[in-house]
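Input: a single structure, listed below in structure tokens.
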Amino acid sequence: MIRVLHVIDHLGLGGAQSAVLDLVRNRDTSQVDCEVAAMHGRGPFAEAIEKAGIRVHSLSVKRWPPSYLGSFVRLIRRERYDILHFHLQGANWIAKPLAAALGYGVRISHDHASGDIRFRGMRSLLPDALAHFGSDRIIAVSPGVKDFLMRWEAIAPDLISVVSNGIDTEVFQPPTSEQRLKARKALGIPPHAFVVGTMGRLAPEKNFRLLVILAKKLPELRFLIAGEGPERHSLEGLIRSADIGDRVRLLGQVDDRAGFYTALDAFVLPSLFEGLPMALLEAMASGLPCVCSNLPDIFTALRGGKDGLLCCPEEPESFVSAISQIIHNKQLACFFGNAARQRCLAAFSASTSAATMEGIYRAELLFARRQGH
């Protein structure tokens with residue numbers, strides 16, 4: 001039995017948190033025993049992970065003061081995990097070097113971020129590269145992220161493995177008409193309204209301001225935005241000033257992610273930067289036609305537009321045109337919804353991603369034992 005501790009900054013809403021949940025929930029329970037440590041706080045994903053029978057450790061109540069450092073050291077000394085698997089910057093920049101200095105476990109770094117230097121910024125390169133010295137293996141969520149790590153952080157290609165994010169396609173699947181009506185009733189949405197939705201952190205890189213523009217140009221539509229983040233206040237102001245609060249709703253943190261997609265007719269993702277977004281994969285698994293920014297990893301996920309519509313994030317009219325096609329051509333909407341679902345089943349299955357990760361765990365443990373560690 002391989003003992004794995006996933007270490008992550010927090011368990012609030014986020015794509016990395018979704019990826020961790022799907023990894024631990026779809027593990028081979030006869031081969032891998034998992035626990036999860038949040039550096040600070042808990043959040044909705046803590047409850048979801050615990051419901052899957054996984055133990056969750058909250059290493060500190062708040063981010064500051066950093067009492068999680070002592071808690072982390074005590075935990076790994078006591079439990080002696082085989083694998084320490086780190087997610088997000090705080091875990092990789094702070095907890096991983098600490099584990100490396102103490103010589104504990106095989107250390108795996110999971111890079112969930114966009115492979116775009118404009119998003120990451122030059123200031124992150126040095127601490128990222130230095131932190132990678134403590135990694136036995138680096139997981140990139142897409143070929144684009146792997147290319148970034150090799151080009152900008154000078155990471156050797158044989159140290160990086162590409163493991164795509166995976167979705168539990170039993171949890172996320174196309175709803176019945178009855179399920180859709182029930183989801184809409186719970187949200188107070190008319191049964192026959194055309195509803196477009198998105199999910200993610202309310203941050204500048206997600207470009208959710210574009211949805212306010214779309215709501216003005218497409219007055220017959222309803223828009224749902226799930227998530228929290230620093231741009232919430234400004235988005236509320238834009239919605240209020242445009243007087244579209246009856247058609248554009250900020251839902252905040254949504255615990256039932258699968259239920260959220262059930263209420264939608266289409267999914268839109270107007271991001272300026274992305275890696276391989278979990279929200280997109282969840283929408284695809286839910287059988288929704290997807291209208292997304294034409295970014296490298298999204299382009300690959302949607303096979304260049306074969307499984308969804310690609311638009312320029314700086315051009316609202318391209319999104320207006322794509323959504324209009326979905327609204328007025330039910331056959332096209334059905335085609336893209338089915339294509340997205342089949343693409344997800346073929347390429348982004350959580351069980352496949354978990355099995356691939358478990359193969360990496362075994363290989364790294366075998367290598368470490370041969371080296372006498």
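Convention: chains lettered A, B, ... in structure tokens order; per-chain residue numbering from 1; ligands numbered from 1 as shown.
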
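Of all the residues in segment 34-135 of chain A, the ones DSSP labels as strand (DSSP E) from the backbone are Cys34, Glu35, Val36, Ala37, Ala38, Arg55, Val56, His57, Ser58, Ile83, Leu84, His85, Phe86, His87, Val106, Arg107, Ile108, Ser109, His110 and Asp111 of chain A.
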
Could you write out that same residue set with N, CA and C atoms as a PDB file, in the first residue's frame?
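Just written: again-v8.pdb:
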ATOM      1  N   CYS A  34      -4.670   7.572   0.655  1.00  0.00           N
ATOM      2  CA  CYS A  34      -4.445   9.010   0.520  1.00  0.00           C
ATOM      3  C   CYS A  34      -4.948   9.775   1.737  1.00  0.00           C
ATOM      4  N   GLU A  35      -4.262  10.876   2.033  1.00  0.00           N
ATOM      5  CA  GLU A  35      -4.748  11.892   2.952  1.00  0.00           C
ATOM      6  C   GLU A  35      -4.451  13.247   2.310  1.00  0.00           C
ATOM      7  N   VAL A  36      -5.145  14.279   2.793  1.00  0.00           N
ATOM      8  CA  VAL A  36      -4.988  15.626   2.236  1.00  0.00           C
ATOM      9  C   VAL A  36      -4.692  16.601   3.367  1.00  0.00           C
ATOM     10  N   ALA A  37      -3.705  17.468   3.156  1.00  0.00           N
ATOM     11  CA  ALA A  37      -3.373  18.508   4.136  1.00  0.00           C
ATOM     12  C   ALA A  37      -3.552  19.881   3.497  1.00  0.00           C
ATOM     13  N   ALA A  38      -4.425  20.707   4.094  1.00  0.00           N
ATOM     14  CA  ALA A  38      -4.584  22.098   3.672  1.00  0.00           C
ATOM     15  C   ALA A  38      -3.708  22.958   4.573  1.00  0.00           C
ATOM     16  N   ARG A  55      -9.085  11.284   4.873  1.00  0.00           N
ATOM     17  CA  ARG A  55      -8.793  12.130   6.022  1.00  0.00           C
ATOM     18  C   ARG A  55      -8.217  13.468   5.559  1.00  0.00           C
ATOM     19  N   VAL A  56      -8.705  14.562   6.154  1.00  0.00           N
ATOM     20  CA  VAL A  56      -8.229  15.911   5.826  1.00  0.00           C
ATOM     21  C   VAL A  56      -7.589  16.535   7.063  1.00  0.00           C
ATOM     22  N   HIS A  57      -6.385  17.089   6.885  1.00  0.00           N
ATOM     23  CA  HIS A  57      -5.688  17.799   7.955  1.00  0.00           C
ATOM     24  C   HIS A  57      -5.698  19.292   7.623  1.00  0.00           C
ATOM     25  N   SER A  58      -6.192  20.116   8.513  1.00  0.00           N
ATOM     26  CA  SER A  58      -6.067  21.564   8.376  1.00  0.00           C
ATOM     27  C   SER A  58      -4.892  21.989   9.251  1.00  0.00           C
ATOM     28  N   ILE A  83       4.795   9.190  -0.332  1.00  0.00           N
ATOM     29  CA  ILE A  83       4.740  10.229  -1.358  1.00  0.00           C
ATOM     30  C   ILE A  83       4.174  11.502  -0.748  1.00  0.00           C
ATOM     31  N   LEU A  84       4.846  12.627  -0.995  1.00  0.00           N
ATOM     32  CA  LEU A  84       4.314  13.947  -0.655  1.00  0.00           C
ATOM     33  C   LEU A  84       4.041  14.653  -1.979  1.00  0.00           C
ATOM     34  N   HIS A  85       2.765  14.943  -2.228  1.00  0.00           N
ATOM     35  CA  HIS A  85       2.323  15.466  -3.528  1.00  0.00           C
ATOM     36  C   HIS A  85       1.818  16.895  -3.307  1.00  0.00           C
ATOM     37  N   PHE A  86       2.532  17.885  -3.877  1.00  0.00           N
ATOM     38  CA  PHE A  86       2.284  19.294  -3.570  1.00  0.00           C
ATOM     39  C   PHE A  86       1.533  19.987  -4.702  1.00  0.00           C
ATOM     40  N   HIS A  87       0.531  20.813  -4.307  1.00  0.00           N
ATOM     41  CA  HIS A  87      -0.303  21.538  -5.263  1.00  0.00           C
ATOM     42  C   HIS A  87      -0.339  23.016  -4.889  1.00  0.00           C
ATOM     43  N   VAL A 106       9.127  10.826  -1.083  1.00  0.00           N
ATOM     44  CA  VAL A 106       9.303  11.189  -2.487  1.00  0.00           C
ATOM     45  C   VAL A 106       8.417  12.398  -2.733  1.00  0.00           C
ATOM     46  N   ARG A 107       8.988  13.460  -3.303  1.00  0.00           N
ATOM     47  CA  ARG A 107       8.278  14.735  -3.418  1.00  0.00           C
ATOM     48  C   ARG A 107       7.871  15.004  -4.867  1.00  0.00           C
ATOM     49  N   ILE A 108       6.579  15.205  -5.056  1.00  0.00           N
ATOM     50  CA  ILE A 108       6.024  15.449  -6.389  1.00  0.00           C
ATOM     51  C   ILE A 108       5.372  16.819  -6.416  1.00  0.00           C
ATOM     52  N   SER A 109       5.735  17.618  -7.405  1.00  0.00           N
ATOM     53  CA  SER A 109       5.170  18.950  -7.592  1.00  0.00           C
ATOM     54  C   SER A 109       4.149  18.902  -8.715  1.00  0.00           C
ATOM     55  N   HIS A 110       2.974  19.452  -8.474  1.00  0.00           N
ATOM     56  CA  HIS A 110       1.901  19.442  -9.482  1.00  0.00           C
ATOM     57  C   HIS A 110       1.670  20.867  -9.952  1.00  0.00           C
ATOM     58  N   ASP A 111       1.926  21.128 -11.221  1.00  0.00           N
ATOM     59  CA  ASP A 111       1.799  22.478 -11.776  1.00  0.00           C
ATOM     60  C   ASP A 111       0.464  22.603 -12.499  1.00  0.00           C
TER      61      ASP A 111
END

field: Near-Leu264 of chain A list (7 Å; only C-alpha atoms; drop same-chain fewer than 4 positions) as a count of residues only
entry: 3

Residues of segment 300-344 of chain A at most 9 Å from segment 265-277 of chain A: nearest atom pair and distance in Å, only C-alpha atoms, as CSV:
residue,atom,partner,partner_atom,distance
A:Ala301,CA,A:Leu276,CA,7.7
A:Cys311,CA,A:Pro270,CA,8.1
A:Cys312,CA,A:Pro270,CA,8.2
A:Pro313,CA,A:Pro270,CA,5.5
A:Glu314,CA,A:Leu272,CA,8.2
A:Phe319,CA,A:Pro270,CA,8.3
A:Ile323,CA,A:Ala266,CA,8.2
A:Ile326,CA,A:Ala266,CA,7.9
A:Ile327,CA,A:Asp265,CA,8.9
A:Ala333,CA,A:Ala266,CA,8.2
A:Gly337,CA,A:Ala266,CA,8.5

Segment 300-333 of chain A: residues DSSP assigns to alpha helix (DSSP H), reported as a PyMOL selection string: chain A and resi 300-301+316-328+330-333

Mind dumping the selected residues with C-alpha atoms as a PDB file, in the first residue's frame?
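Done, and the output landed in selection.pdb:
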ATOM      1  CA  THR A 300      -6.109  21.179 -27.638  1.00  0.00           C
ATOM      2  CA  ALA A 301      -8.895  20.131 -25.258  1.00  0.00           C
ATOM      3  CA  PRO A 316     -16.782  40.264 -27.563  1.00  0.00           C
ATOM      4  CA  GLU A 317     -18.459  40.030 -30.965  1.00  0.00           C
ATOM      5  CA  SER A 318     -16.837  36.635 -31.576  1.00  0.00           C
ATOM      6  CA  PHE A 319     -18.525  35.341 -28.400  1.00  0.00           C
ATOM      7  CA  VAL A 320     -21.827  36.967 -29.391  1.00  0.00           C
ATOM      8  CA  SER A 321     -21.673  35.246 -32.777  1.00  0.00           C
ATOM      9  CA  ALA A 322     -20.770  31.834 -31.304  1.00  0.00           C
ATOM     10  CA  ILE A 323     -23.469  31.938 -28.617  1.00  0.00           C
ATOM     11  CA  SER A 324     -26.023  33.098 -31.187  1.00  0.00           C
ATOM     12  CA  GLN A 325     -25.241  30.017 -33.269  1.00  0.00           C
ATOM     13  CA  ILE A 326     -25.907  27.808 -30.256  1.00  0.00           C
ATOM     14  CA  ILE A 327     -29.181  29.601 -29.448  1.00  0.00           C
ATOM     15  CA  HIS A 328     -30.644  29.510 -32.953  1.00  0.00           C
ATOM     16  CA  LYS A 330     -30.485  23.355 -31.748  1.00  0.00           C
ATOM     17  CA  GLN A 331     -28.861  20.682 -33.888  1.00  0.00           C
ATOM     18  CA  LEU A 332     -25.510  22.469 -33.628  1.00  0.00           C
ATOM     19  CA  ALA A 333     -25.927  22.863 -29.856  1.00  0.00           C
TER      20      ALA A 333
END

Skipping near chain neighbours, those fewer than 5 positions away, what residues fall within 10 Å of Arg25 of chain A using only C-alpha atoms, listed as an mmCIF file with all heavy atoms, in the first residue's frame?
data_model
loop_
_atom_site.group_PDB
_atom_site.id
_atom_site.type_symbol
_atom_site.label_atom_id
_atom_site.label_comp_id
_atom_site.auth_asym_id
_atom_site.auth_seq_id
_atom_site.Cartn_x
_atom_site.Cartn_y
_atom_site.Cartn_z
ATOM 1 N N ALA A 19 -9.154 19.048 -8.972
ATOM 2 C CA ALA A 19 -8.255 17.999 -9.462
ATOM 3 C C ALA A 19 -7.841 17.058 -8.340
ATOM 4 O O ALA A 19 -7.796 15.830 -8.523
ATOM 5 C CB ALA A 19 -7.023 18.637 -10.105
ATOM 6 N N VAL A 20 -7.541 17.619 -7.167
ATOM 7 C CA VAL A 20 -7.166 16.777 -6.020
ATOM 8 C C VAL A 20 -8.328 15.872 -5.628
ATOM 9 O O VAL A 20 -8.150 14.667 -5.395
ATOM 10 C CB VAL A 20 -6.718 17.649 -4.825
ATOM 11 C CG1 VAL A 20 -6.567 16.796 -3.566
ATOM 12 C CG2 VAL A 20 -5.405 18.345 -5.146
ATOM 13 N N CYS A 34 -4.670 7.572 0.655
ATOM 14 C CA CYS A 34 -4.445 9.010 0.520
ATOM 15 C C CYS A 34 -4.948 9.775 1.737
ATOM 16 O O CYS A 34 -5.947 9.392 2.355
ATOM 17 C CB CYS A 34 -5.184 9.559 -0.711
ATOM 18 S SG CYS A 34 -4.423 9.158 -2.273
ATOM 19 N N ALA A 48 -16.106 17.658 0.879
ATOM 20 C CA ALA A 48 -16.267 16.725 -0.252
ATOM 21 C C ALA A 48 -15.239 15.602 -0.180
ATOM 22 O O ALA A 48 -15.553 14.435 -0.455
ATOM 23 C CB ALA A 48 -16.141 17.479 -1.571
ATOM 24 N N ILE A 49 -14.009 15.937 0.197
ATOM 25 C CA ILE A 49 -12.958 14.924 0.302
ATOM 26 C C ILE A 49 -13.245 13.970 1.456
ATOM 27 O O ILE A 49 -13.070 12.753 1.335
ATOM 28 C CB ILE A 49 -11.584 15.611 0.462
ATOM 29 C CG1 ILE A 49 -11.196 16.313 -0.852
ATOM 30 C CG2 ILE A 49 -10.499 14.604 0.855
ATOM 31 C CD1 ILE A 49 -10.019 17.261 -0.723
ATOM 32 N N GLU A 50 -13.709 14.515 2.566
ATOM 33 C CA GLU A 50 -14.043 13.657 3.712
ATOM 34 C C GLU A 50 -15.215 12.729 3.392
ATOM 35 O O GLU A 50 -15.255 11.582 3.854
ATOM 36 C CB GLU A 50 -14.343 14.521 4.934
ATOM 37 C CG GLU A 50 -13.088 15.134 5.540
ATOM 38 C CD GLU A 50 -13.365 16.127 6.646
ATOM 39 O OE1 GLU A 50 -14.489 16.692 6.687
ATOM 40 O OE2 GLU A 50 -12.458 16.342 7.465
ATOM 41 N N LYS A 51 -16.171 13.205 2.586
ATOM 42 C CA LYS A 51 -17.291 12.352 2.176
ATOM 43 C C LYS A 51 -16.813 11.168 1.345
ATOM 44 O O LYS A 51 -17.475 10.122 1.299
ATOM 45 C CB LYS A 51 -18.313 13.164 1.385
ATOM 46 C CG LYS A 51 -19.194 14.054 2.253
ATOM 47 C CD LYS A 51 -20.210 14.809 1.413
ATOM 48 C CE LYS A 51 -21.080 15.708 2.276
ATOM 49 N NZ LYS A 51 -22.042 16.496 1.451
ATOM 50 N N ALA A 52 -15.667 11.347 0.683
ATOM 51 C CA ALA A 52 -15.080 10.254 -0.100
ATOM 52 C C ALA A 52 -14.262 9.306 0.776
ATOM 53 O O ALA A 52 -13.626 8.385 0.268
ATOM 54 C CB ALA A 52 -14.205 10.835 -1.213
ATOM 55 N N GLY A 53 -14.284 9.532 2.090
ATOM 56 C CA GLY A 53 -13.574 8.653 3.011
ATOM 57 C C GLY A 53 -12.105 8.975 3.185
ATOM 58 O O GLY A 53 -11.331 8.133 3.660
ATOM 59 N N ILE A 54 -11.717 10.190 2.817
ATOM 60 C CA ILE A 54 -10.314 10.613 2.889
ATOM 61 C C ILE A 54 -10.120 11.534 4.091
ATOM 62 O O ILE A 54 -10.896 12.476 4.290
ATOM 63 C CB ILE A 54 -9.882 11.362 1.605
ATOM 64 C CG1 ILE A 54 -10.245 10.553 0.362
ATOM 65 C CG2 ILE A 54 -8.400 11.694 1.643
ATOM 66 C CD1 ILE A 54 -9.534 9.258 0.220
ATOM 67 N N ASP A 168 -14.610 12.997 -13.110
ATOM 68 C CA ASP A 168 -15.437 11.836 -12.789
ATOM 69 C C ASP A 168 -16.709 11.931 -13.626
ATOM 70 O O ASP A 168 -17.630 12.688 -13.307
ATOM 71 C CB ASP A 168 -15.770 11.818 -11.294
ATOM 72 C CG ASP A 168 -16.429 10.520 -10.858
ATOM 73 O OD1 ASP A 168 -17.113 9.894 -11.695
ATOM 74 O OD2 ASP A 168 -16.264 10.139 -9.687
ATOM 75 N N ALA A 350 -11.185 10.814 -15.023
ATOM 76 C CA ALA A 350 -10.507 10.874 -13.726
ATOM 77 C C ALA A 350 -9.861 9.540 -13.370
ATOM 78 O O ALA A 350 -8.785 9.503 -12.768
ATOM 79 C CB ALA A 350 -11.493 11.297 -12.639
ATOM 80 N N SER A 351 -10.513 8.451 -13.721
ATOM 81 C CA SER A 351 -9.951 7.143 -13.398
ATOM 82 C C SER A 351 -8.646 6.906 -14.152
ATOM 83 O O SER A 351 -7.685 6.352 -13.601
ATOM 84 C CB SER A 351 -10.956 6.036 -13.711
ATOM 85 O OG SER A 351 -11.361 6.079 -15.063
ATOM 86 N N ALA A 354 -5.973 9.156 -12.521
ATOM 87 C CA ALA A 354 -5.558 8.591 -11.233
ATOM 88 C C ALA A 354 -4.656 7.384 -11.430
ATOM 89 O O ALA A 354 -3.653 7.216 -10.725
ATOM 90 C CB ALA A 354 -6.784 8.222 -10.408
#

task: List the neighbours of Tyr261 of chain A out to 8 Å using only C-alpha atoms; skip same-chain residues closer than 6 positions along the sequence, and give me the result as a ChimeraX atom specification.
output: /A:197,283,286,288

Quick one: write out the picked residues with N, CA, C and O atoms as a compact mmCIF listing (two decimals), in the first residue's frame?
# COMPACT_ATOMS: atom_id res chain seq x y z
N GLY A 197 -23.70 29.85 -18.51
CA GLY A 197 -23.02 29.93 -17.22
C GLY A 197 -21.53 29.74 -17.33
O GLY A 197 -21.00 29.26 -18.35
N ALA A 283 -17.83 20.98 -17.57
CA ALA A 283 -18.91 21.35 -18.49
C ALA A 283 -18.98 20.38 -19.68
O ALA A 283 -20.08 19.99 -20.11
N SER A 286 -20.53 17.26 -18.69
CA SER A 286 -21.97 17.47 -18.46
C SER A 286 -22.75 17.60 -19.76
O SER A 286 -23.96 17.83 -19.74
N LEU A 288 -22.47 19.92 -22.19
CA LEU A 288 -22.84 21.29 -22.58
C LEU A 288 -22.05 21.75 -23.79
O LEU A 288 -20.84 21.49 -23.87

For atom CA of Leu149 of chain A and atom CA of Ile117 of chain A, the interatomic separation in Å (one decimal): 10.3 Å

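Atom CA of Gly287 of chain A is positioned 10.9 Å from atom CA of Gly308 of chain A.
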
- request: Do a neighbour search on segment 79-81 of chain A at 7 Å with only C-alpha atoms, toss out local chain neighbours closer than 3 positions, and write the hits as a ChimeraX atom specification.
  value: /A:3-5,75-76,84,105

Would you write out those residues with N, CA and C atoms, as a PDB file, in the first residue's frame?
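Saved as part.pdb:
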ATOM      1  N   ARG A   3       1.376   5.113   0.673  1.00  0.00           N
ATOM      2  CA  ARG A   3       0.761   6.167   1.484  1.00  0.00           C
ATOM      3  C   ARG A   3       1.111   7.529   0.879  1.00  0.00           C
ATOM      4  N   VAL A   4       0.077   8.286   0.511  1.00  0.00           N
ATOM      5  CA  VAL A   4       0.252   9.564  -0.175  1.00  0.00           C
ATOM      6  C   VAL A   4      -0.383  10.676   0.638  1.00  0.00           C
ATOM      7  N   LEU A   5       0.352  11.775   0.791  1.00  0.00           N
ATOM      8  CA  LEU A   5      -0.216  12.993   1.377  1.00  0.00           C
ATOM      9  C   LEU A   5      -0.237  14.073   0.305  1.00  0.00           C
ATOM     10  N   LEU A  75       3.329  16.447  11.284  1.00  0.00           N
ATOM     11  CA  LEU A  75       2.511  15.470  10.561  1.00  0.00           C
ATOM     12  C   LEU A  75       3.374  14.491   9.772  1.00  0.00           C
ATOM     13  N   ILE A  76       4.327  15.004   8.985  1.00  0.00           N
ATOM     14  CA  ILE A  76       5.119  14.094   8.141  1.00  0.00           C
ATOM     15  C   ILE A  76       6.112  13.278   8.967  1.00  0.00           C
ATOM     16  N   LEU A  84       4.846  12.627  -0.995  1.00  0.00           N
ATOM     17  CA  LEU A  84       4.314  13.947  -0.655  1.00  0.00           C
ATOM     18  C   LEU A  84       4.041  14.653  -1.979  1.00  0.00           C
ATOM     19  N   GLY A 105      10.048  11.621   2.386  1.00  0.00           N
ATOM     20  CA  GLY A 105       9.191  11.228   1.278  1.00  0.00           C
ATOM     21  C   GLY A 105       9.727  11.498  -0.114  1.00  0.00           C
TER      22      GLY A 105
END

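Ranking A:Val254, A:Leu125, A:Thr169, A:Val212 by their shortest atom-to-atom distance to Glu236 of chain A, with only C-alpha atoms included, puts A:Val212 first.
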
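The interatomic distance for the pair atom CA of Glu364 of chain A and atom CA of Pro296 of chain A works out to 29.8 Å.
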
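Nearest-residue note for Asn338 of chain A: choosing from A:Lys206, A:Phe299, A:Gln371, A:Pro174, the minimum distance belongs to A:Pro174, counting only C-alpha atoms.
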